[in-house]
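J.: Can you keep this structure in mind? I'll have questions shortly.
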Amino acid sequence: MIPLPPISWPLLPLPDAAGQLAWPLLERSVADQIRVILMTRLGEQLMRSGFGAGLENFLHEPNTLNTRRRLHDLIVSSLNRWEQRILVDDVAVDEVPNEPARVRVEISYRLRRTGATRRTGLTLDLGA
């Protein structure tokens with residue numbers, strides 16, 4: 001059995017052998033937060049009922065130009081509202097070849113602090 005690291009409250013990192021705390025890098029923190037924003041349903045977070053994009057609301061929607069446009073607009077508005085550490089450069093929502101119920105989302109953004117460009121993406125199964 002593999003021993004698990006101790007958990008304390010609040011869930012903060014524990015110091016390493018040198019006494020240093022390992023916080024995530026800005027790039028990793030932003031990428032993780034983008035995914036959280038996109039996958040969180042509206043009303044899911046306590047005290048922040050408007051947080052998130054709620055992409056799962058698009059399940060069983062037809063993979064049409066209108067649906068992809070609504071996805072695009074929702075992603076852009078949600079990221080602009082909830083992730084202030086980035087500037088969204090482009091959001092592409094495209095059909096997945098030979099998979100009519102799936103769309104590919106590619107997000108290009110810049111980190112405000114450093115100006116570094118980054119990309120992240122995900123594939124959604126609309127299932128319609």
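How things are named: the first chain in the structure tokens is A, the next is B, and so on; residues count from 1 in each chain; ligands count from 1 in the order shown.
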Find the nearest atom pair between each residue of region 14-40 of chain A and region 75-90 of chain A for residues within 12 Å, count only C-alpha atoms, give distances in Å to one decimal, sort rows by chain and ascending number, and present the table as a tab-separated table.
T.:
```
residue	atom	partner	partner_atom	distance
A:Leu26	CA	A:Arg85	CA	9.1
A:Glu27	CA	A:Arg85	CA	10.0
A:Ser29	CA	A:Arg85	CA	10.0
A:Val30	CA	A:Arg85	CA	7.4
A:Ala31	CA	A:Ile86	CA	10.1
A:Asp32	CA	A:Glu83	CA	10.8
A:Gln33	CA	A:Glu83	CA	7.5
A:Ile34	CA	A:Leu79	CA	7.1
A:Arg35	CA	A:Leu79	CA	10.0
A:Val36	CA	A:Trp82	CA	10.3
A:Ile37	CA	A:Ser78	CA	7.2
A:Leu38	CA	A:Ile75	CA	7.0
A:Met39	CA	A:Ile75	CA	10.5
A:Thr40	CA	A:Ser78	CA	10.6
```
J.: Residues of region 12-125 of chain A classed as alpha helix (DSSP H) by DSSP on the backbone are to be reported as number ranges by chain.
T.: A: 26-39, 65-82
J.: Using only C-alpha atoms for the distances, tell me which of A:Ala101, A:Ala116, A:Leu111, A:Leu14 is nearest to Leu59 (chain A).
T.: A:Ala101
J.: Of the candidates A:Arg118, A:Arg28, A:Tyr109, A:Arg102, which shows the shortest atom-to-atom distance to His60 (chain A), using only C-alpha atoms?
T.: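 Ranking A:Arg118, A:Arg28, A:Tyr109, A:Arg102 by distance to His60 (chain A), first place goes to A:Arg102.
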J.: Could you tell me how far CA of Leu71 (chain A) lies from CA of Asn98 (chain A), in Å and to one decimal?
T.: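 Taking CA of Leu71 (chain A) as the start and CA of Asn98 (chain A) as the end point, the length is 20.2 Å.
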J.: Would you mind listing what lies within 10 Å of Asp125 (chain A) as a PDB file with N, CA, C and O atoms, in the first residue's frame, with only C-alpha atoms counted and same-chain residues fewer than 2 positions away left out?
T.:
```pdb
ATOM      1  N   GLU A  56     -21.627  21.618 -20.230  1.00  0.00           N
ATOM      2  CA  GLU A  56     -22.441  20.401 -20.299  1.00  0.00           C
ATOM      3  C   GLU A  56     -23.881  20.709 -20.669  1.00  0.00           C
ATOM      4  O   GLU A  56     -24.629  19.809 -21.043  1.00  0.00           O
ATOM      5  N   PHE A  58     -24.727  21.907 -23.263  1.00  0.00           N
ATOM      6  CA  PHE A  58     -24.795  21.693 -24.704  1.00  0.00           C
ATOM      7  C   PHE A  58     -24.925  20.216 -25.070  1.00  0.00           C
ATOM      8  O   PHE A  58     -24.977  19.882 -26.251  1.00  0.00           O
ATOM      9  N   LEU A  59     -24.999  19.348 -24.065  1.00  0.00           N
ATOM     10  CA  LEU A  59     -25.240  17.932 -24.351  1.00  0.00           C
ATOM     11  C   LEU A  59     -26.578  17.790 -25.065  1.00  0.00           C
ATOM     12  O   LEU A  59     -27.551  18.457 -24.721  1.00  0.00           O
ATOM     13  N   HIS A  60     -26.605  16.944 -26.044  1.00  0.00           N
ATOM     14  CA  HIS A  60     -27.798  16.639 -26.847  1.00  0.00           C
ATOM     15  C   HIS A  60     -28.211  17.796 -27.758  1.00  0.00           C
ATOM     16  O   HIS A  60     -29.334  17.808 -28.253  1.00  0.00           O
ATOM     17  N   GLU A  61     -27.332  18.774 -27.928  1.00  0.00           N
ATOM     18  CA  GLU A  61     -27.564  19.836 -28.920  1.00  0.00           C
ATOM     19  C   GLU A  61     -27.052  19.334 -30.267  1.00  0.00           C
ATOM     20  O   GLU A  61     -26.059  18.600 -30.324  1.00  0.00           O
ATOM     21  N   ASN A  63     -24.946  19.416 -33.651  1.00  0.00           N
ATOM     22  CA  ASN A  63     -23.649  20.007 -34.004  1.00  0.00           C
ATOM     23  C   ASN A  63     -23.832  20.879 -35.241  1.00  0.00           C
ATOM     24  O   ASN A  63     -23.489  20.512 -36.352  1.00  0.00           O
ATOM     25  N   VAL A  96     -15.338  17.879 -35.415  1.00  0.00           N
ATOM     26  CA  VAL A  96     -14.300  16.852 -35.437  1.00  0.00           C
ATOM     27  C   VAL A  96     -14.573  15.991 -36.668  1.00  0.00           C
ATOM     28  O   VAL A  96     -15.683  15.459 -36.814  1.00  0.00           O
ATOM     29  N   GLU A  99     -16.686  12.529 -36.935  1.00  0.00           N
ATOM     30  CA  GLU A  99     -17.368  12.339 -35.650  1.00  0.00           C
ATOM     31  C   GLU A  99     -18.407  13.440 -35.515  1.00  0.00           C
ATOM     32  O   GLU A  99     -18.160  14.476 -34.909  1.00  0.00           O
ATOM     33  N   PRO A 100     -19.589  13.230 -36.062  1.00  0.00           N
ATOM     34  CA  PRO A 100     -20.578  14.302 -36.168  1.00  0.00           C
ATOM     35  C   PRO A 100     -21.118  14.826 -34.839  1.00  0.00           C
ATOM     36  O   PRO A 100     -21.668  15.919 -34.795  1.00  0.00           O
ATOM     37  N   ALA A 101     -20.953  14.093 -33.753  1.00  0.00           N
ATOM     38  CA  ALA A 101     -21.495  14.549 -32.470  1.00  0.00           C
ATOM     39  C   ALA A 101     -20.432  15.227 -31.599  1.00  0.00           C
ATOM     40  O   ALA A 101     -20.703  15.559 -30.456  1.00  0.00           O
ATOM     41  N   ARG A 102     -19.242  15.447 -32.133  1.00  0.00           N
ATOM     42  CA  ARG A 102     -18.160  16.020 -31.330  1.00  0.00           C
ATOM     43  C   ARG A 102     -17.679  17.342 -31.915  1.00  0.00           C
ATOM     44  O   ARG A 102     -17.682  17.530 -33.125  1.00  0.00           O
ATOM     45  N   VAL A 103     -17.248  18.246 -31.009  1.00  0.00           N
ATOM     46  CA  VAL A 103     -16.632  19.503 -31.422  1.00  0.00           C
ATOM     47  C   VAL A 103     -15.306  19.655 -30.683  1.00  0.00           C
ATOM     48  O   VAL A 103     -15.140  19.195 -29.553  1.00  0.00           O
ATOM     49  N   ARG A 104     -14.375  20.304 -31.332  1.00  0.00           N
ATOM     50  CA  ARG A 104     -13.063  20.586 -30.750  1.00  0.00           C
ATOM     51  C   ARG A 104     -12.987  22.073 -30.456  1.00  0.00           C
ATOM     52  O   ARG A 104     -13.253  22.911 -31.322  1.00  0.00           O
ATOM     53  N   LEU A 122     -10.042  21.363 -25.689  1.00  0.00           N
ATOM     54  CA  LEU A 122     -10.771  20.192 -25.230  1.00  0.00           C
ATOM     55  C   LEU A 122     -11.759  19.784 -26.304  1.00  0.00           C
ATOM     56  O   LEU A 122     -12.103  20.553 -27.189  1.00  0.00           O
ATOM     57  N   THR A 123     -12.175  18.541 -26.217  1.00  0.00           N
ATOM     58  CA  THR A 123     -13.156  18.012 -27.151  1.00  0.00           C
ATOM     59  C   THR A 123     -14.442  17.735 -26.393  1.00  0.00           C
ATOM     60  O   THR A 123     -14.416  17.116 -25.331  1.00  0.00           O
ATOM     61  N   GLY A 127     -23.292  14.551 -28.348  1.00  0.00           N
ATOM     62  CA  GLY A 127     -24.155  13.392 -28.225  1.00  0.00           C
ATOM     63  C   GLY A 127     -25.500  13.468 -28.909  1.00  0.00           C
ATOM     64  O   GLY A 127     -26.373  12.664 -28.638  1.00  0.00           O
ATOM     65  N   ALA A 128     -25.728  14.463 -29.763  1.00  0.00           N
ATOM     66  CA  ALA A 128     -27.030  14.568 -30.433  1.00  0.00           C
ATOM     67  C   ALA A 128     -27.023  13.778 -31.724  1.00  0.00           C
ATOM     68  O   ALA A 128     -26.026  13.560 -32.328  1.00  0.00           O
TER      69      ALA A 128
END
```
J.: Could you state the separation of CA of Glu106 (chain A) and CA of Pro62 (chain A) in Å, given to one decimal place?
T.: 19.4 Å
J.: CA of Asn66 (chain A) and CA of Gly121 (chain A) are how many Å apart?
T.: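 A separation of 20.0 Å between them.
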